[in-house]
>>> print(open('start.txt').read())   # compact mmCIF, C-alpha atoms
# COMPACT_ATOMS: atom_id res chain seq x y z
CA MET A 1 28.60 2.71 11.32
CA LYS A 2 30.67 0.31 13.39
CA VAL A 3 30.91 -3.46 13.04
CA ASN A 4 31.50 -5.85 15.92
CA SER A 5 33.73 -8.92 15.88
CA GLU A 6 30.89 -11.04 14.49
CA GLY A 7 30.31 -8.80 11.48
CA VAL A 8 27.12 -7.18 12.81
CA SER A 9 26.65 -3.51 12.00
CA SER A 10 25.63 -0.97 14.61
CA SER A 11 22.44 1.10 14.61
CA ARG A 12 22.50 4.88 15.01
CA VAL A 13 20.26 7.05 17.19
CA TYR A 14 19.98 10.84 17.47
CA LEU A 15 19.65 12.58 20.86
CA PRO A 16 17.25 15.49 20.24
CA ALA A 17 17.43 18.83 22.04
CA ASP A 18 13.72 19.08 22.76
CA THR A 19 13.72 16.38 25.45
CA THR A 20 15.46 15.94 28.79
CA HIS A 21 16.63 12.73 30.42
CA ALA A 22 18.34 11.95 33.72
CA ASN A 23 21.05 9.97 31.91
CA LEU A 24 21.67 7.83 28.83
CA LEU A 25 19.92 4.81 30.27
CA ASP A 26 16.79 6.89 30.83
CA PHE A 27 16.92 8.06 27.20
CA PHE A 28 17.18 4.54 25.77
CA ILE A 29 14.40 3.21 28.01
CA ASN A 30 12.06 5.99 26.88
CA THR A 31 13.09 5.83 23.22
CA PHE A 32 12.78 2.05 22.94
CA PRO A 33 9.98 1.08 25.38
CA HIS A 34 9.67 -2.40 23.84
CA ILE A 35 13.14 -3.30 25.15
CA GLU A 36 13.47 -4.14 28.85
CA LYS A 37 15.51 -1.89 31.13
CA SER A 38 17.68 -4.87 32.13
CA GLU A 39 18.59 -5.45 28.48
CA TRP A 40 19.84 -1.86 28.10
CA VAL A 41 21.80 -2.16 31.34
CA ASN A 42 23.47 -5.29 29.99
CA ARG A 43 24.28 -3.61 26.66
CA PHE A 44 25.90 -0.67 28.43
CA ASN A 45 27.87 -3.03 30.65
CA GLU A 46 29.09 -5.01 27.65
CA GLY A 47 30.21 -1.92 25.72
CA LEU A 48 27.46 -2.21 23.11
CA VAL A 49 26.49 1.49 23.29
CA LEU A 50 29.08 3.88 21.88
CA THR A 51 29.75 7.44 20.78
CA ALA A 52 29.86 8.28 17.09
CA ASP A 53 33.64 7.78 17.12
CA GLY A 54 33.34 4.36 18.74
CA GLN A 55 33.99 5.06 22.41
CA PRO A 56 31.83 3.05 24.88
CA VAL A 57 29.55 5.11 27.12
CA GLN A 58 28.04 4.29 30.49
CA ALA A 59 24.38 4.06 31.48
CA ILE A 60 24.81 6.84 34.05
CA ASP A 61 26.56 9.23 31.62
CA ALA A 62 24.85 12.57 31.07
CA TYR A 63 22.39 13.02 28.22
CA ARG A 64 24.00 15.28 25.60
CA PRO A 65 21.48 16.69 23.09
CA ASN A 66 22.24 17.14 19.38
CA THR A 67 24.64 14.19 19.31
CA HIS A 68 24.51 10.67 17.91
CA LEU A 69 25.14 7.36 19.63
CA MET A 70 25.58 3.90 18.18
CA TYR A 71 24.30 0.67 19.66
CA PHE A 72 24.35 -3.01 18.81
CA ARG A 73 21.42 -5.39 18.95
CA ARG A 74 21.80 -8.44 21.13
CA LEU A 75 19.64 -11.54 21.13
CA ALA A 76 19.44 -13.89 24.08
CA ARG A 77 18.43 -16.69 21.73
CA GLU A 78 18.42 -16.87 17.95
CA PRO A 79 17.20 -19.72 15.74
CA GLU A 80 20.10 -21.54 14.06
CA ILE A 81 19.70 -21.96 10.30
CA PRO A 82 21.76 -25.03 9.33
CA PHE A 83 21.99 -24.25 5.61
CA GLU A 84 24.76 -22.39 3.80
CA GLU A 85 24.54 -19.60 1.28
CA GLU A 86 26.89 -19.56 -1.71
CA ILE A 87 28.51 -16.57 -3.39
CA LEU A 88 28.01 -17.00 -7.14
CA PHE A 89 29.63 -13.74 -8.28
CA GLN A 90 31.66 -10.89 -6.85
CA ASP A 91 33.39 -7.89 -8.35
CA GLU A 92 33.97 -4.33 -7.13
CA HIS A 93 30.29 -3.48 -7.62
CA LEU A 94 28.16 -6.52 -6.82
CA VAL A 95 27.94 -9.65 -4.72
CA VAL A 96 25.43 -12.23 -5.93
CA ALA A 97 24.43 -14.83 -3.34
CA ASP A 98 22.46 -18.06 -3.63
CA LYS A 99 20.32 -18.05 -0.47
CA PRO A 100 19.03 -21.21 1.22
CA HIS A 101 15.49 -21.63 2.48
CA PHE A 102 14.65 -20.26 5.95
CA LEU A 103 17.48 -17.68 6.02
CA PRO A 104 16.28 -14.03 6.29
CA VAL A 105 18.01 -11.50 4.05
CA THR A 106 18.36 -8.77 6.70
CA PRO A 107 18.14 -8.59 10.51
CA SER A 108 14.66 -8.40 12.01
CA GLY A 109 12.73 -9.91 14.88
CA LEU A 110 14.55 -12.97 16.22
CA TYR A 111 17.23 -12.87 13.54
CA LEU A 112 20.52 -11.00 13.69
CA HIS A 113 23.57 -13.18 13.02
CA GLN A 114 21.54 -15.79 11.14
CA THR A 115 20.83 -13.51 8.21
CA LEU A 116 22.22 -13.47 4.69
CA LEU A 117 23.50 -9.90 5.06
CA ASN A 118 25.51 -10.49 8.22
CA ARG A 119 26.80 -13.87 7.04
CA LEU A 120 28.08 -12.25 3.84
CA LYS A 121 29.65 -9.34 5.71
CA LYS A 122 31.54 -11.80 7.86
CA LYS A 123 32.50 -14.00 4.91
CA THR A 124 33.65 -11.22 2.56
CA GLY A 125 34.83 -8.60 5.06
CA ILE A 126 32.85 -5.99 3.09
CA GLN A 127 30.92 -3.90 5.60
CA THR A 128 29.27 -1.67 2.99
CA LEU A 129 27.19 -4.52 1.57
CA SER A 130 23.55 -3.62 1.12
CA PRO A 131 20.77 -5.73 -0.45
CA ILE A 132 19.47 -4.28 -3.70
CA HIS A 133 16.22 -6.23 -3.38
CA ARG A 134 14.66 -8.79 -1.03
CA ILE A 135 13.10 -12.22 -1.19
CA ASP A 136 11.06 -13.90 1.52
CA ARG A 137 12.84 -15.80 4.27
CA ASP A 138 10.99 -18.94 3.13
CA THR A 139 12.14 -18.56 -0.49
CA ALA A 140 15.52 -19.80 -1.74
CA GLY A 141 17.63 -18.38 -4.55
CA LEU A 142 19.30 -15.27 -5.87
CA VAL A 143 19.85 -12.08 -3.90
CA LEU A 144 21.99 -9.19 -5.17
CA PHE A 145 24.04 -6.88 -2.94
CA SER A 146 25.63 -3.54 -3.78
CA ILE A 147 29.17 -2.90 -2.55
CA GLN A 148 29.69 0.81 -3.24
CA PRO A 149 27.25 3.07 -1.33
CA ASP A 150 27.26 5.69 -4.10
CA GLU A 151 26.15 3.06 -6.66
CA ARG A 152 23.40 1.46 -4.59
CA ALA A 153 20.54 3.68 -5.78
CA ARG A 154 21.33 3.01 -9.44
CA TYR A 155 20.94 -0.72 -8.89
CA GLN A 156 17.86 -0.33 -6.71
CA ASN A 157 16.22 1.78 -9.41
CA LEU A 158 16.38 -1.21 -11.77
CA PHE A 159 14.00 -3.08 -9.47
CA ARG A 160 11.88 -0.02 -8.72
CA ASP A 161 11.38 0.61 -12.44
CA ARG A 162 10.72 -3.08 -13.22
CA ILE A 163 13.52 -3.33 -15.79
CA VAL A 164 14.97 -6.46 -14.19
CA LYS A 165 13.68 -9.80 -15.43
CA LYS A 166 13.28 -12.26 -12.56
CA VAL A 167 12.41 -15.90 -13.13
CA TYR A 168 11.23 -18.23 -10.38
CA GLU A 169 10.50 -21.93 -10.22
CA ALA A 170 7.86 -23.53 -8.03
CA ILE A 171 6.47 -26.97 -7.28
CA ALA A 172 2.71 -27.05 -6.91
CA PRO A 173 -0.13 -29.50 -7.57
CA TYR A 174 -0.68 -30.77 -11.10
CA SER A 175 -3.94 -29.45 -12.54
CA GLU A 176 -5.28 -30.92 -15.79
CA ALA A 177 -7.60 -27.96 -16.31
CA LEU A 178 -4.83 -25.42 -15.77
CA ILE A 179 -2.23 -27.25 -17.86
CA GLN A 180 -4.47 -26.88 -20.91
CA ARG A 181 -4.30 -23.08 -20.48
CA LEU A 182 -0.53 -22.83 -20.12
CA PRO A 183 1.49 -20.86 -20.89
CA MET A 184 -0.63 -17.99 -19.62
CA THR A 185 -0.43 -14.59 -17.93
CA TYR A 186 -2.46 -14.41 -14.75
CA GLN A 187 -3.53 -10.95 -13.57
CA SER A 188 -5.35 -9.72 -10.48
CA ARG A 189 -5.50 -6.94 -7.95
CA LEU A 190 -3.64 -7.71 -4.73
CA GLU A 191 -4.06 -5.85 -1.45
CA GLU A 192 -3.21 -6.46 2.21
CA SER A 193 -5.72 -8.62 4.04
CA LYS A 194 -6.79 -8.33 7.67
CA HIS A 195 -4.00 -10.79 8.44
CA PHE A 196 -0.86 -8.70 7.94
CA LEU A 197 1.06 -11.75 6.68
CA GLN A 198 -1.41 -12.48 3.89
CA MET A 199 -2.29 -10.71 0.67
CA GLN A 200 -5.69 -11.11 -0.93
CA GLU A 201 -7.25 -10.71 -4.35
CA VAL A 202 -9.89 -7.98 -4.61
CA GLN A 203 -12.04 -6.49 -7.32
CA GLY A 204 -10.55 -3.69 -9.39
CA GLU A 205 -7.87 -2.84 -11.90
CA PRO A 206 -5.13 -5.52 -11.90
CA ASN A 207 -1.88 -4.44 -10.24
CA ALA A 208 -0.05 -7.77 -10.42
CA ASP A 209 0.71 -10.11 -13.32
CA THR A 210 2.58 -13.41 -13.52
CA PHE A 211 3.54 -15.36 -16.65
CA ILE A 212 3.18 -19.08 -15.87
CA GLU A 213 4.77 -21.96 -17.81
CA LEU A 214 4.93 -25.70 -17.22
CA ILE A 215 8.42 -27.20 -16.86
CA GLU A 216 7.88 -30.80 -15.74
CA VAL A 217 5.23 -33.15 -14.39
CA ASN A 218 5.38 -35.95 -11.82
CA LYS A 219 1.79 -36.39 -10.68
CA PRO A 220 0.37 -35.28 -8.35
CA TRP A 221 2.97 -32.49 -8.58
CA ALA A 222 4.27 -30.24 -11.34
CA LYS A 223 7.13 -27.79 -11.67
CA TYR A 224 6.25 -24.33 -12.98
CA ARG A 225 8.29 -21.41 -14.27
CA LEU A 226 7.00 -18.07 -12.98
CA THR A 227 7.97 -14.70 -14.44
CA PRO A 228 6.45 -11.80 -12.48
CA GLY A 229 5.75 -8.63 -14.42
CA SER A 230 5.11 -6.75 -11.17
CA GLY A 231 6.54 -6.96 -7.69
CA LYS A 232 3.70 -7.19 -5.20
CA LYS A 233 4.24 -8.84 -1.82
CA HIS A 234 3.66 -12.63 -2.00
CA GLN A 235 2.54 -12.23 -5.61
CA LEU A 236 3.61 -15.67 -6.81
CA ARG A 237 2.29 -17.46 -3.74
CA CYS A 238 -1.02 -15.61 -3.92
CA HIS A 239 -1.47 -16.16 -7.68
CA LEU A 240 -0.84 -19.91 -7.61
CA ASN A 241 -3.16 -20.23 -4.64
CA ALA A 242 -5.86 -18.35 -6.56
CA LEU A 243 -5.44 -20.89 -9.37
CA ASN A 244 -6.03 -23.69 -6.82
CA ILE A 245 -2.44 -24.89 -7.00
CA PRO A 246 -0.86 -23.49 -3.81
CA ILE A 247 2.92 -23.89 -3.67
CA ARG A 248 4.03 -27.01 -1.87
CA ASN A 249 4.73 -26.45 1.86
CA ASP A 250 3.34 -22.91 1.81
CA GLN A 251 2.57 -22.02 5.44
CA ILE A 252 0.66 -18.83 4.50
CA TYR A 253 -1.54 -19.75 1.52
CA PRO A 254 -4.25 -20.94 1.51
CA ASN A 255 -4.19 -21.24 5.31
CA LEU A 256 -2.07 -19.21 7.69
CA THR A 257 -0.22 -21.72 9.87
CA PRO A 258 0.98 -20.63 13.33
CA TYR A 259 4.68 -19.94 12.94
CA GLN A 260 7.14 -21.82 15.14
CA GLU A 261 9.63 -19.27 16.40
CA TYR A 262 12.46 -21.64 17.28
CA ASP A 263 11.54 -25.23 16.51
CA LEU A 264 11.48 -24.84 12.73
CA ASP A 265 10.55 -27.84 10.62
CA PHE A 266 13.36 -27.82 8.08
CA SER A 267 11.78 -30.71 6.18
CA LYS A 268 8.97 -28.43 4.99
CA ARG A 269 10.78 -26.08 2.66
CA LEU A 270 8.60 -23.76 0.63
CA GLN A 271 9.06 -25.03 -2.92
CA LEU A 272 9.76 -21.63 -4.41
CA LEU A 273 13.13 -20.68 -5.92
CA ALA A 274 14.40 -17.35 -7.28
CA LYS A 275 16.15 -19.02 -10.21
CA GLU A 276 17.29 -16.29 -12.65
CA ILE A 277 17.93 -12.56 -12.82
CA HIS A 278 18.59 -10.67 -16.07
CA PHE A 279 19.45 -6.97 -16.38
CA THR A 280 21.83 -4.45 -17.93
CA ASP A 281 24.29 -3.25 -15.31
CA PRO A 282 23.74 0.51 -14.82
CA VAL A 283 27.38 1.01 -13.76
CA THR A 284 29.31 -1.15 -16.25
CA ASN A 285 26.63 -1.37 -19.02
CA GLU A 286 27.24 -5.12 -19.19
CA ALA A 287 24.43 -7.59 -19.79
CA ARG A 288 24.09 -9.56 -16.55
CA LEU A 289 22.60 -13.02 -16.17
CA PHE A 290 22.77 -14.91 -12.90
CA ILE A 291 21.32 -18.39 -12.37
CA SER A 292 20.85 -20.17 -9.05
CA LYS A 293 22.57 -23.51 -8.63
CA ARG A 294 19.76 -24.74 -6.43
CA GLU A 295 17.14 -27.14 -7.77
CA LEU A 296 13.60 -28.01 -6.72
CA SER A 297 12.86 -31.72 -6.90
CA LEU A 298 9.59 -33.27 -8.00
CA VAL A 299 10.52 -36.46 -6.19
CA ILE A 300 8.59 -36.73 -2.94
>>> encode(input="start.txt", output="structure tokens")
Amino acid sequence: MKVNSEGVSSSRVYLPADTTHANLLDFFINTFPHIEKSEWVNRFNEGLVLTADGQPVQAIDAYRPNTHLMYFRRLAREPEIPFEEEILFQDEHLVVADKPHFLPVTPSGLYLHQTLLNRLKKKTGIQTLSPIHRIDRDTAGLVLFSIQPDERARYQNLFRDRIVKKVYEAIAPYSEALIQRLPMTYQSRLEESKHFLQMQEVQGEPNADTFIELIEVNKPWAKYRLTPGSGKKHQLRCHLNALNIPIRNDQIYPNLTPYQEYDLDFSKRLQLLAKEIHFTDPVTNEARLFISKRELSLVI
């Protein structure tokens, strides 16, 4: 893996022996049909396609099977996220970051430089950083990164095996009927809906549970503490919506709002915060507790 001057890591592609191509440009066009030919020409011209040892190659160079090439993504336009992350903790094993709203954790779609991973690589100079878990782009709060590649799986297994305690906070409508039932554990079965962005509740054995507590009230809003016992996609957003208290500024639940690719409305931050993470470090055996410095305000 190579890293360019902006801290962005390269991607790696294998050139198989069971295909033939006129040259390298022909291979990339056929392998990545969603990317325009002109874009690959520009990447070759700018030295963004390289051999495994980092030497730039040309579009007209011969196709050499059973080898690897590296290439860098390039975006003609990328949304600018005007909020800063903060590093709360760093040692030789972990980096713990406090992520702002709107910032994706890893590169995808329109986002490359404006991601938490690439910002942290540039800020720390640590190119082996890898997220141990993810939170939604719309959600703010704690994200943990592994530093040592040979330790990464041990940390990821904590989340896979649900032996990490994660605590979130959310601002949602005040509900007199619901308040009388709190604290409570809400359970349901969540599955993908016909809209790939949304999850839905269906009949069947519950596969998602959330412990819900009331923190503070300022009618018509309330602040809730949410402790998920499972890790389903959009679990917290879906559960509060099912209880008729959708999270403030949620653009997915109850109604899927057309997403603005570039002209983001930064005033409408999803009021969901990954506030705390508790676990026993599998490498050092230390009890770890990290708390976000960010706060959700009930003041409108």
>>> closest_residue(input="start.txt", among="A:Gln187, A:Asn285, A:Asn30, A:Gln114", to="Pro228 in chain A", atoms="all atoms listed in the file")
A:Gln187
>>> residues_near_point(input="start.txt", point="(23.5, -1.4, 29.0)", cutoff="10 Å", atoms="only C-alpha atoms", output="count of residues only")
21
>>> atom_distance(input="start.txt", atom1="CA of His195 in chain A", atom2="CA of His101 in chain A")
23.1 Å
>>> residues_near_point(input="start.txt", point="(-0.5, -9.6, -2.9)", cutoff="6 Å", atoms="all atoms listed in the file", output="number ranges by chain")
A: 190-191, 199-200, 232-235
>>> residues_around(input="start.txt", residues="range 121-136 of chain A", least_positions_apart="2", cutoff="6 Å", atoms="only C-alpha atoms", output="compact mmCIF listing (two decimals) with C-alpha atoms, in the frame of the given file")
# COMPACT_ATOMS: atom_id res chain seq x y z
CA GLY A 7 30.31 -8.80 11.48
CA ASN A 118 25.51 -10.49 8.22
CA ARG A 119 26.80 -13.87 7.04
CA ASP A 138 10.99 -18.94 3.13
CA THR A 139 12.14 -18.56 -0.49
CA LEU A 144 21.99 -9.19 -5.17
CA PHE A 145 24.04 -6.88 -2.94
CA SER A 146 25.63 -3.54 -3.78
CA ILE A 147 29.17 -2.90 -2.55
CA GLN A 156 17.86 -0.33 -6.71
>>> atom_distance(input="start.txt", atom1="CA of Tyr224 in chain A", atom2="CA of Tyr168 in chain A")
8.3 Å
>>> closest_residue(input="start.txt", among="A:Glu295, A:Leu158, A:Val105, A:Leu120", to="Ile87 in chain A", atoms="only C-alpha atoms")
A:Leu120
>>> atom_distance(input="start.txt", atom1="CA of Leu273 in chain A", atom2="CA of Pro104 in chain A")
14.3 Å
>>> closest_residue(input="start.txt", among="A:Val13, A:Ile163, A:Leu298, A:Val96", to="Leu142 in chain A", atoms="only C-alpha atoms")
A:Val96
